[in-house]
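The data block below is run_31.csv; it holds CSV, C-alpha atoms.
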```csv
chain,number,residue,atom,x,y,z
B,268,MET,CA,0.0,0.0,0.0
B,269,SER,CA,1.5,3.3,-1.0
B,270,VAL,CA,2.3,5.9,1.6
B,271,ILE,CA,1.3,8.6,-0.8
B,272,GLN,CA,-2.0,7.0,-1.7
B,273,THR,CA,-2.9,6.4,1.9
B,274,HIS,CA,-2.2,9.9,3.1
B,275,ASP,CA,-2.6,12.3,0.2
B,276,SER,CA,-5.1,15.0,1.2
B,277,GLY,CA,-6.7,14.9,-2.3
B,278,ALA,CA,-5.2,17.5,-4.6
B,279,ALA,CA,-8.4,17.4,-6.8
B,280,ALA,CA,-10.4,18.9,-4.1
B,281,GLU,CA,-8.0,21.8,-3.4
B,282,SER,CA,-8.5,25.4,-4.3
B,283,SER,CA,-6.2,26.8,-6.9
B,284,GLN,CA,-4.4,28.8,-4.1
B,285,ASP,CA,-3.8,25.7,-2.1
B,286,ALA,CA,-2.7,23.7,-5.2
B,287,GLU,CA,-0.2,26.5,-6.0
B,288,PHE,CA,1.1,26.4,-2.4
B,289,ARG,CA,1.6,22.7,-2.6
B,290,ALA,CA,3.4,22.9,-5.9
B,291,GLU,CA,5.7,25.7,-4.7
B,292,LEU,CA,6.6,23.7,-1.6
B,293,ARG,CA,7.2,20.5,-3.5
B,294,GLU,CA,9.5,22.3,-5.9
B,295,TRP,CA,11.4,24.0,-3.1
B,296,LEU,CA,11.9,20.8,-1.2
B,297,ALA,CA,13.0,18.9,-4.3
B,298,GLU,CA,15.6,21.6,-5.1
B,299,ASN,CA,16.9,22.1,-1.6
B,300,LEU,CA,17.1,18.6,-0.2
B,301,ASN,CA,20.2,18.2,-2.4
B,302,GLY,CA,23.8,19.1,-2.2
B,303,GLN,CA,24.9,19.7,1.4
B,304,PHE,CA,21.4,18.7,2.7
B,305,ARG,CA,20.9,15.5,0.7
B,306,ALA,CA,22.4,13.3,3.4
B,307,LEU,CA,20.0,14.6,6.0
B,308,ARG,CA,16.9,12.9,4.4
B,309,GLY,CA,15.1,10.8,7.0
B,310,LEU,CA,17.4,11.8,9.9
B,311,GLY,CA,16.4,12.8,13.4
B,312,GLY,CA,13.1,12.4,15.3
B,313,PRO,CA,12.2,10.7,18.6
B,314,GLY,CA,15.0,8.4,19.7
B,315,ARG,CA,17.3,9.7,17.0
B,316,GLU,CA,17.7,13.4,17.9
B,317,HIS,CA,21.5,12.8,18.1
B,318,GLU,CA,21.7,12.3,14.3
B,319,ALA,CA,23.4,15.1,12.5
B,320,PHE,CA,22.1,17.7,15.0
B,321,ASP,CA,24.3,20.6,13.9
B,322,GLU,CA,23.5,19.9,10.2
B,323,ARG,CA,19.8,19.7,10.9
B,324,LEU,CA,20.0,23.0,12.8
B,325,GLU,CA,21.6,24.5,9.7
B,326,TRP,CA,18.7,23.1,7.6
B,327,ASP,CA,16.1,24.6,9.9
B,328,ARG,CA,17.8,28.0,9.5
B,329,HIS,CA,17.8,27.5,5.8
B,330,LEU,CA,14.1,26.8,5.9
B,331,ALA,CA,13.6,30.0,7.9
B,332,ALA,CA,15.5,32.1,5.5
B,333,ALA,CA,13.3,30.9,2.7
B,334,GLY,CA,10.1,31.7,4.7
B,335,TRP,CA,9.1,28.1,5.5
B,336,THR,CA,8.9,28.3,9.3
B,337,CYS,CA,6.1,29.5,11.5
B,338,LEU,CA,3.7,29.5,8.5
B,339,GLY,CA,0.5,29.9,10.5
B,340,TRP,CA,1.7,32.9,12.5
B,341,PRO,CA,0.4,36.4,11.7
B,342,GLU,CA,2.6,38.3,9.2
B,343,GLN,CA,3.3,40.9,11.8
B,344,TYR,CA,5.2,38.3,13.8
B,345,GLY,CA,7.1,36.8,10.9
B,346,GLY,CA,4.6,34.2,9.7
B,347,ARG,CA,2.7,33.9,6.5
B,348,ASP,CA,-0.8,33.8,7.8
B,349,ALA,CA,-1.1,30.4,6.2
B,350,THR,CA,-4.6,28.8,6.4
B,351,LEU,CA,-5.1,25.6,8.4
B,352,ARG,CA,-5.3,23.7,5.1
B,353,GLN,CA,-2.0,25.1,4.0
B,354,GLN,CA,-0.3,24.2,7.3
B,355,VAL,CA,-1.6,20.6,6.8
B,356,ILE,CA,-0.2,20.6,3.3
B,357,PHE,CA,3.2,21.8,4.6
B,358,HIS,CA,3.5,18.9,7.1
B,359,GLU,CA,2.3,16.4,4.5
B,360,GLU,CA,4.7,17.4,1.9
B,361,TYR,CA,7.6,17.8,4.3
B,362,ALA,CA,7.1,14.3,5.5
B,363,LYS,CA,6.6,12.9,2.0
B,364,ALA,CA,9.9,14.5,1.0
B,365,ASP,CA,11.6,12.6,3.8
B,366,ALA,CA,13.0,15.9,5.0
B,367,PRO,CA,15.0,15.7,8.3
B,368,SER,CA,13.2,16.0,11.7
B,369,ARG,CA,13.1,19.6,12.9
B,370,VAL,CA,15.3,20.6,15.8
B,371,SER,CA,13.1,23.7,16.5
B,372,HIS,CA,9.8,21.9,17.1
B,373,LEU,CA,9.4,22.9,20.7
B,374,GLY,CA,9.8,26.5,20.0
B,375,GLU,CA,7.9,26.8,16.8
B,376,GLU,CA,5.0,24.3,17.4
B,377,LEU,CA,4.6,24.7,21.2
B,378,LEU,CA,6.0,28.0,22.7
B,379,GLY,CA,5.4,30.2,19.7
B,380,PRO,CA,1.6,29.6,19.5
B,381,THR,CA,1.4,29.8,23.3
B,382,LEU,CA,3.0,33.3,23.3
B,383,LEU,CA,0.7,34.3,20.5
B,384,ALA,CA,-2.3,33.2,22.5
B,385,PHE,CA,-1.3,34.2,26.0
B,386,GLY,CA,1.9,36.3,25.9
B,387,THR,CA,2.3,40.1,26.3
B,388,GLU,CA,3.3,42.2,23.3
B,389,ALA,CA,6.8,42.7,24.9
B,390,GLN,CA,7.2,38.9,25.2
B,391,LYS,CA,6.2,38.4,21.6
B,392,LYS,CA,8.6,41.0,20.3
B,393,ARG,CA,11.4,39.6,22.5
B,394,PHE,CA,11.1,35.8,21.7
B,395,LEU,CA,9.1,35.2,18.5
B,396,PRO,CA,11.9,36.5,16.2
B,397,GLY,CA,14.4,34.0,17.7
B,398,ILE,CA,12.0,31.2,17.3
B,399,LYS,CA,11.2,32.2,13.7
B,400,THR,CA,14.9,32.3,12.6
B,401,VAL,CA,15.8,29.3,14.7
B,402,THR,CA,18.5,31.3,16.6
B,403,GLU,CA,17.1,30.4,20.0
B,404,LEU,CA,16.2,26.8,20.9
B,405,TRP,CA,13.7,25.8,23.6
B,406,CYS,CA,13.0,22.9,26.0
B,407,GLN,CA,9.9,22.2,28.0
B,408,GLY,CA,10.1,22.0,31.8
B,409,TYR,CA,6.9,20.1,32.8
B,410,SER,CA,7.5,16.6,34.2
B,411,GLU,CA,9.2,16.1,37.6
B,412,PRO,CA,10.3,12.9,39.4
B,413,GLY,CA,7.3,13.0,41.7
B,414,ALA,CA,4.9,14.5,39.1
B,415,GLY,CA,5.5,12.7,35.8
B,416,SER,CA,2.3,12.9,33.9
B,417,ASP,CA,0.4,14.5,36.8
B,418,LEU,CA,1.3,18.1,36.0
B,419,ALA,CA,-0.8,19.4,38.9
B,420,ALA,CA,1.6,17.8,41.3
B,421,VAL,CA,4.5,20.1,40.3
B,422,THR,CA,6.7,21.1,43.3
B,423,THR,CA,9.5,23.1,41.6
B,424,SER,CA,9.1,26.5,43.2
B,425,ALA,CA,9.6,30.1,42.0
B,426,ARG,CA,9.6,33.0,44.4
B,427,ARG,CA,9.6,36.7,43.6
B,428,ASP,CA,12.8,38.2,44.7
B,429,GLY,CA,13.6,41.8,43.8
B,430,ASP,CA,13.4,42.3,40.0
B,431,GLY,CA,13.0,38.6,39.2
B,432,TRP,CA,12.1,35.0,40.2
B,433,THR,CA,14.3,32.6,42.1
B,434,ILE,CA,13.7,29.0,41.0
B,435,ASN,CA,14.5,25.7,42.9
B,436,GLY,CA,13.6,22.2,42.1
B,437,GLN,CA,14.0,19.5,39.4
B,438,LYS,CA,12.5,18.6,36.1
B,439,ILE,CA,12.9,15.3,34.3
B,440,TRP,CA,12.5,13.8,30.8
B,441,THR,CA,13.4,17.3,29.4
B,442,SER,CA,13.9,16.7,25.7
B,443,LEU,CA,16.9,18.6,24.2
B,444,ALA,CA,17.6,20.5,27.4
B,445,HIS,CA,21.3,20.0,26.7
B,446,VAL,CA,21.1,22.1,23.6
B,447,ALA,CA,18.4,24.6,24.6
B,448,ASP,CA,18.9,28.3,25.2
B,449,TRP,CA,15.6,28.7,27.1
B,450,CYS,CA,13.1,26.6,29.0
B,451,PHE,CA,9.4,27.2,29.4
B,452,ALA,CA,8.7,25.8,32.8
B,453,ILE,CA,5.8,25.3,35.1
B,454,CYS,CA,6.6,26.3,38.7
B,455,ARG,CA,4.6,26.7,41.9
B,456,THR,CA,4.7,30.4,42.7
B,457,GLU,CA,2.1,30.5,45.5
B,458,PRO,CA,3.4,28.8,48.8
B,459,GLY,CA,0.8,26.5,50.3
B,460,SER,CA,-1.1,26.1,47.0
B,461,SER,CA,-2.0,22.6,45.7
B,462,ARG,CA,-2.9,20.8,42.5
B,463,HIS,CA,-3.9,23.2,39.6
B,464,HIS,CA,-3.8,26.3,41.7
B,465,GLY,CA,-0.8,28.6,42.3
B,466,LEU,CA,1.2,27.5,39.2
B,467,SER,CA,2.9,29.9,36.9
B,468,TYR,CA,4.4,29.5,33.4
B,469,LEU,CA,7.9,31.0,33.4
B,470,LEU,CA,10.5,31.6,30.6
B,471,VAL,CA,13.9,30.7,32.0
B,472,PRO,CA,17.4,31.2,30.4
B,473,MET,CA,19.3,27.9,30.5
B,474,ASP,CA,22.9,29.4,30.4
B,475,GLN,CA,23.3,30.3,34.0
B,476,PRO,CA,25.2,28.9,37.1
B,477,GLY,CA,21.9,27.9,38.8
B,478,ILE,CA,21.0,25.3,36.2
B,479,GLU,CA,22.5,21.8,35.8
B,480,VAL,CA,21.6,19.5,32.9
B,481,ARG,CA,22.3,15.7,33.3
B,482,PRO,CA,21.6,13.4,30.3
B,483,ILE,CA,19.5,10.3,30.9
B,484,ASN,CA,20.7,7.2,29.1
B,485,GLN,CA,17.9,5.4,27.3
B,486,LEU,CA,17.3,1.8,26.3
B,487,THR,CA,18.3,2.8,22.7
B,488,GLY,CA,21.7,4.0,24.0
B,489,THR,CA,20.9,7.6,23.2
B,490,SER,CA,20.2,10.4,25.7
B,491,GLU,CA,17.9,13.1,24.2
B,492,PHE,CA,16.1,13.3,27.5
B,493,ASN,CA,17.6,15.0,30.5
B,494,GLU,CA,17.3,15.8,34.2
B,495,VAL,CA,17.4,19.6,34.9
B,496,TYR,CA,18.2,20.9,38.3
B,497,PHE,CA,17.3,24.5,39.4
B,498,ASP,CA,19.4,25.7,42.3
B,499,ASN,CA,18.5,29.4,42.9
B,500,ALA,CA,18.2,29.8,39.1
B,501,ARG,CA,16.9,33.2,38.0
B,502,THR,CA,14.6,34.7,35.5
B,503,GLU,CA,13.2,38.2,35.0
B,504,ALA,CA,10.0,39.4,36.7
B,505,ASP,CA,8.1,40.0,33.5
B,506,LEU,CA,8.9,36.6,32.0
B,507,VAL,CA,5.6,35.0,33.2
B,508,VAL,CA,3.2,34.0,30.4
B,509,GLY,CA,-0.2,34.9,31.5
B,510,GLU,CA,-0.7,36.2,35.0
B,511,PRO,CA,1.1,34.6,38.0
B,512,GLY,CA,-1.0,31.7,39.2
B,513,GLU,CA,-2.5,31.1,35.8
B,514,GLY,CA,0.1,28.6,34.7
B,515,TRP,CA,-2.3,25.6,34.5
B,516,ARG,CA,-4.5,27.3,31.9
B,517,VAL,CA,-1.5,28.4,29.8
B,518,ALA,CA,0.1,24.9,30.1
B,519,MET,CA,-3.1,23.2,28.9
B,520,GLY,CA,-3.0,25.6,25.9
B,521,THR,CA,0.5,24.5,25.1
B,522,LEU,CA,-0.5,20.8,25.3
B,523,THR,CA,-3.3,21.5,22.8
B,524,PHE,CA,-0.8,23.0,20.4
B,525,GLU,CA,1.6,20.1,20.9
B,526,ARG,CA,-1.0,17.7,19.5
B,527,GLY,CA,-1.9,19.9,16.6
B,528,ILE,CA,-1.1,20.2,12.9
B,529,SER,CA,2.4,18.6,13.0
B,530,THR,CA,0.7,15.3,13.9
B,531,VAL,CA,-0.4,15.1,10.3
B,532,GLY,CA,3.2,14.8,9.1
B,533,GLN,CA,3.9,12.3,11.9
B,534,GLN,CA,1.2,10.0,10.5
B,535,ILE,CA,2.9,10.0,7.1
B,536,GLN,CA,6.2,9.0,8.8
B,537,PHE,CA,4.2,6.3,10.6
B,538,ALA,CA,2.9,5.1,7.2
B,539,ARG,CA,6.4,5.0,5.8
B,540,GLU,CA,7.5,2.8,8.7
B,541,LEU,CA,4.5,0.5,8.2
B,542,SER,CA,5.1,0.3,4.4
B,543,ASN,CA,8.8,-0.6,5.0
B,544,LEU,CA,7.8,-3.2,7.6
B,545,GLU,CA,5.3,-4.7,5.2
B,546,ALA,CA,8.1,-5.1,2.7
B,547,VAL,CA,10.2,-6.8,5.3
B,548,ALA,CA,7.4,-9.2,6.1
B,549,GLU,CA,7.0,-10.0,2.4
B,550,GLY,CA,10.7,-10.6,2.0
B,551,ASN,CA,11.2,-12.9,4.9
B,552,GLY,CA,7.9,-14.8,4.5
B,553,ALA,CA,6.3,-13.5,7.6
B,554,LEU,CA,3.4,-12.1,5.5
B,555,ASP,CA,2.4,-15.7,4.7
B,556,ASP,CA,1.3,-16.0,8.3
B,557,PRO,CA,-2.4,-15.0,8.3
B,558,VAL,CA,-2.1,-13.5,11.8
B,559,ILE,CA,0.7,-11.2,10.8
B,560,ALA,CA,-1.1,-10.3,7.6
B,561,GLU,CA,-4.2,-9.4,9.5
B,562,ARG,CA,-2.2,-7.3,12.0
B,563,ILE,CA,-0.6,-5.3,9.2
B,564,ASP,CA,-4.1,-4.7,7.6
B,565,ARG,CA,-5.4,-3.5,11.0
B,566,ALA,CA,-2.4,-1.2,11.3
B,567,TRP,CA,-3.3,0.4,8.0
B,568,VAL,CA,-6.9,0.9,9.2
B,569,GLY,CA,-5.6,2.4,12.4
B,570,LEU,CA,-3.6,5.0,10.4
B,571,ARG,CA,-6.8,6.0,8.6
B,572,VAL,CA,-8.5,6.4,12.0
B,573,LEU,CA,-5.6,8.6,13.2
B,574,ARG,CA,-5.9,10.8,10.2
B,575,ALA,CA,-9.6,11.2,10.4
B,576,HIS,CA,-9.5,12.1,14.1
B,577,ALA,CA,-6.6,14.5,13.5
B,578,LEU,CA,-8.4,16.4,10.7
B,579,ARG,CA,-11.6,16.5,12.7
B,580,THR,CA,-9.8,17.8,15.8
B,581,LEU,CA,-8.0,20.5,13.8
B,582,GLU,CA,-11.2,21.7,12.2
B,583,SER,CA,-13.0,22.0,15.5
B,584,ALA,CA,-10.0,23.8,17.1
B,585,HIS,CA,-10.1,26.2,14.2
B,586,ASP,CA,-13.8,26.8,14.9
B,587,ASN,CA,-12.9,27.8,18.5
B,588,THR,CA,-14.2,24.7,20.2
B,589,ASP,CA,-14.5,25.2,24.0
B,590,ALA,CA,-11.4,24.4,26.0
B,591,ARG,CA,-12.9,21.3,27.7
B,592,THR,CA,-13.7,19.7,24.3
B,593,ALA,CA,-10.4,20.6,22.9
B,594,ALA,CA,-8.6,19.1,25.8
B,595,GLY,CA,-10.6,15.9,25.4
B,596,GLN,CA,-9.8,15.7,21.7
B,597,ALA,CA,-6.1,16.2,22.3
B,598,SER,CA,-6.1,13.4,24.9
B,599,VAL,CA,-7.9,11.1,22.5
B,600,SER,CA,-5.3,11.9,19.8
B,601,LYS,CA,-2.4,11.2,22.2
B,602,LEU,CA,-4.0,7.8,23.1
B,603,LEU,CA,-4.6,6.9,19.5
B,604,TRP,CA,-1.1,7.6,18.1
B,605,ALA,CA,0.8,6.4,21.1
B,606,ASN,CA,-0.8,3.0,21.2
B,607,TRP,CA,-0.7,2.6,17.5
B,608,HIS,CA,3.0,3.3,17.3
B,609,ARG,CA,3.9,1.1,20.3
B,610,GLY,CA,1.9,-1.6,18.6
B,611,LEU,CA,3.9,-1.1,15.4
B,612,GLY,CA,7.1,-1.7,17.4
B,613,GLU,CA,5.6,-4.9,18.8
B,614,LEU,CA,4.5,-6.0,15.3
B,615,ALA,CA,8.0,-5.3,14.0
B,616,MET,CA,9.5,-7.8,16.5
B,617,ASP,CA,7.0,-10.5,15.5
B,618,VAL,CA,7.8,-9.9,11.8
B,619,LEU,CA,11.5,-10.2,12.4
B,620,GLY,CA,11.2,-13.2,14.7
B,621,ALA,CA,14.3,-14.6,16.4
B,622,PRO,CA,16.7,-12.4,14.4
B,623,GLY,CA,15.1,-9.4,16.1
B,624,LEU,CA,16.8,-10.5,19.4
B,625,GLU,CA,20.3,-10.4,17.9
B,626,SER,CA,21.9,-7.1,18.7
B,627,LEU,CA,23.9,-5.0,21.1
B,628,PRO,CA,22.7,-1.7,22.7
B,629,ASP,CA,25.1,0.3,20.5
B,630,ASP,CA,24.2,-1.6,17.3
B,631,LEU,CA,20.4,-1.6,17.1
B,632,ASN,CA,18.7,-1.8,13.7
B,633,GLU,CA,15.8,0.5,12.9
B,634,TRP,CA,13.2,-2.1,14.0
B,635,GLN,CA,14.8,-2.8,17.3
B,636,ARG,CA,15.2,0.9,18.0
B,637,LEU,CA,11.5,1.4,17.1
B,638,PHE,CA,10.4,-1.3,19.5
B,639,LEU,CA,12.5,0.0,22.4
B,640,PHE,CA,11.8,3.7,22.0
B,641,SER,CA,8.1,3.3,21.2
B,642,ARG,CA,7.7,1.9,24.7
B,643,ALA,CA,8.0,5.5,25.8
B,644,ASP,CA,5.3,6.8,23.5
B,645,THR,CA,2.5,5.9,25.9
B,646,ILE,CA,4.3,7.6,28.8
B,647,TYR,CA,5.9,10.9,27.6
B,648,GLY,CA,3.6,13.8,26.8
B,649,GLY,CA,1.1,12.4,29.3
B,650,SER,CA,0.7,8.7,30.1
B,651,ASN,CA,-2.2,6.7,28.9
B,652,GLU,CA,-3.6,6.5,32.4
B,653,VAL,CA,-3.6,10.3,32.8
B,654,GLN,CA,-5.1,10.9,29.3
B,655,ARG,CA,-8.0,8.5,30.2
B,656,ASN,CA,-8.6,10.4,33.4
B,657,ILE,CA,-8.7,13.7,31.6
B,658,ILE,CA,-11.3,12.3,29.2
B,659,ALA,CA,-13.4,10.7,31.9
B,660,GLU,CA,-13.3,13.5,34.5
B,661,ARG,CA,-13.0,16.7,32.5
B,662,VAL,CA,-14.9,15.8,29.4
B,663,LEU,CA,-17.4,13.1,30.3
B,664,GLY,CA,-18.0,14.4,33.8
B,665,LEU,CA,-17.5,11.1,35.5
B,666,PRO,CA,-16.6,11.0,39.2
B,667,ARG,CA,-13.0,11.9,40.0
B,668,GLU,CA,-10.5,9.2,40.7
B,669,ALA,CA,-9.8,8.8,44.5
B,670,ARG,CA,-6.5,10.4,45.4
```
What is this file in C-alpha cells?
Amino acid sequence: MSVIQTHDSGAAAESSQDAEFRAELREWLAENLNGQFRALRGLGGPGREHEAFDERLEWDRHLAAAGWTCLGWPEQYGGRDATLRQQVIFHEEYAKADAPSRVSHLGEELLGPTLLAFGTEAQKKRFLPGIKTVTELWCQGYSEPGAGSDLAAVTTSARRDGDGWTINGQKIWTSLAHVADWCFAICRTEPGSSRHHGLSYLLVPMDQPGIEVRPINQLTGTSEFNEVYFDNARTEADLVVGEPGEGWRVAMGTLTFERGISTVGQQIQFARELSNLEAVAEGNGALDDPVIAERIDRAWVGLRVLRAHALRTLESAHDNTDARTAAGQASVSKLLWANWHRGLGELAMDVLGAPGLESLPDDLNEWQRLFLFSRADTIYGGSNEVQRNIIAERVLGLPREAR
C-alpha cells in the first residue's frame, strides 16, 4: 500500500491557491534537499535526535531564511498567515519528501503559539523572532520525578525576589535541554497552594550557574532526555506567560498546540514505517502468516482512524471549540497515536522473529530501535492513564479518581 495513496489529502479537491502552495513547496523541497542537505533525508526524530544535529539545525535555519517556518503565525510576527489547510499541506509534503526532523519543534510548534495566545506584546517581540529564525532553541520544563504525567503535582518553586524570580527544584525527561537556550517551565509560585492552583508559566534562560543538565541514558543507547536541576536559578520578573497563578491554563493551551497540525506529518512518517515493515514481512515470509497479515491490515486501518481524528480535531479547534472539548480531543489523539506506534514496534519484532533479538545496545537496527523507543510513546507527553482520566473526568464528567 502506497504511503502517498494512503495519506494524500486529495489535490483534486484543493482550491487553486492551495494547489499553488503545494506545488511551490514540493518544488522548493526537491531543489533544496540536495547538495549539502541531501544526506539529511530521514534523519532525526524521537529516539534519533542525536543524528546530525548541527547539520539539521543549519537546515532549519535554511528553511527559515526561505520563509518556510512558522507558517500559521500572523505576518506581523514573521509568519505567512497560512490557512489551516496550507499548514496541513506543509506537514504532509515535508514528510513525503523525507525531510529531516526539525530541531526547533518545541519553539515553533509549542511555545510560539502559546506566546501568540497568552503572551504580552513585549514577550512576543522579544522571543518570536528568535523562534522564527531558529537562533534560540527551547526545551519544556513540565515533568518532575514526583509529578511525571500529573502536571498538577509540580513542586518546583519560583519565588519573587527583587526584580526577578528565584527557582528551585528538578525537572525530568526534558527533551533537548542539553542544547536549549531557554526553557518554558511550570513552577509553583504560591506557597501552600496545591494541584492546579498557584502555578505559573515561566520563561527561564538555560545558560546560568543555577541550572545543571544531566543526560538520561535510554534503552536505545541515546540520551535526548535530561534531568534539569534548578538551584537558585533566576529569570526576570516579567517573563511570566499569563498572570502569576494562571500557569495551569497556559500549560493546557501548550499541550493542545503540541497535539496539533504537526501530527499530520507524523502520520505520514508512521505510514512510511509501516510500508517498510510490510516489505520486510513479504521478503522474509512473515506475510504468509495470516495472523501477521491481519495485524498489518489492521495497522493500515488504524492509520486512517488517526488521520480522520486529527483532521476533525484541527477543524474543531479552528472553529474555536470550547477548552474542555479541545482538551478531550487532544487526549484522544495522544492515546490513538501512542498506542498505534507502540503496537507497530511490537509487530516489527514479530515480523523479524528470532533475528530481532540479535543485537547489542550500541548496534540496534531500525526495528529494534523502534520497538524499544516506542515503549515511551504511551508515557511521555502524558501517560495513557492520565489521558483517560482527563477524558473521563474533565470531558465526560465522571466521578474523579480517588487520590
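Between Leu307 in chain B and the candidates B:Ala366, B:Ala597, B:Leu338, B:Cys454, the tightest atom-to-atom separation, counting only C-alpha atoms, involves B:Ala366.
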Counting all atoms listed in the file, which residues come within 10 Å of (12.2, 31.3, 5.9), with the point read in the file's coordinates, and could you list them as a PyMOL selection string? chain B and resi 327-338+345-347+399-401
Could you give me, as a PyMOL selection string, the residues within 8 Å of Trp607 in chain B, counting only C-alpha atoms and dropping anything in the same chain fewer than 3 positions from it? chain B and resi 566+569+603-604+610-611
Considering all atoms listed in the file, return as number ranges by chain whatever protein or nucleic-acid residues lie within 7 Å of Glu491 in chain B, sequence-local ones (same chain, fewer than 3 positions apart) excluded. B: 316, 442-443
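Counting from CA of Ser460 in chain B, the distance to CA of Arg516 in chain B is 15.5 Å.
In this model, the gap between CA of Val618 in chain B and CA of Gly649 in chain B comes to 29.1 Å.
One finds CA of Ala319 in chain B at 16.1 Å from CA of Gly488 in chain B.
Residue nearest Ala548 in chain B, chosen from B:Ile535, B:Ala615, B:Gly465, B:Ala362 and counting all atoms listed in the file: B:Ala615.
Closest approach to Pro313 in chain B from the set B:Ser410, B:Gln353, B:Ser641, B:Thr381 is made by B:Ser641, with distances taken over only C-alpha atoms.
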So, counting only C-alpha atoms, which residue among B:Arg667, B:His464, B:Arg636, B:Arg565 is closest to Ala419 in chain B? B:His464
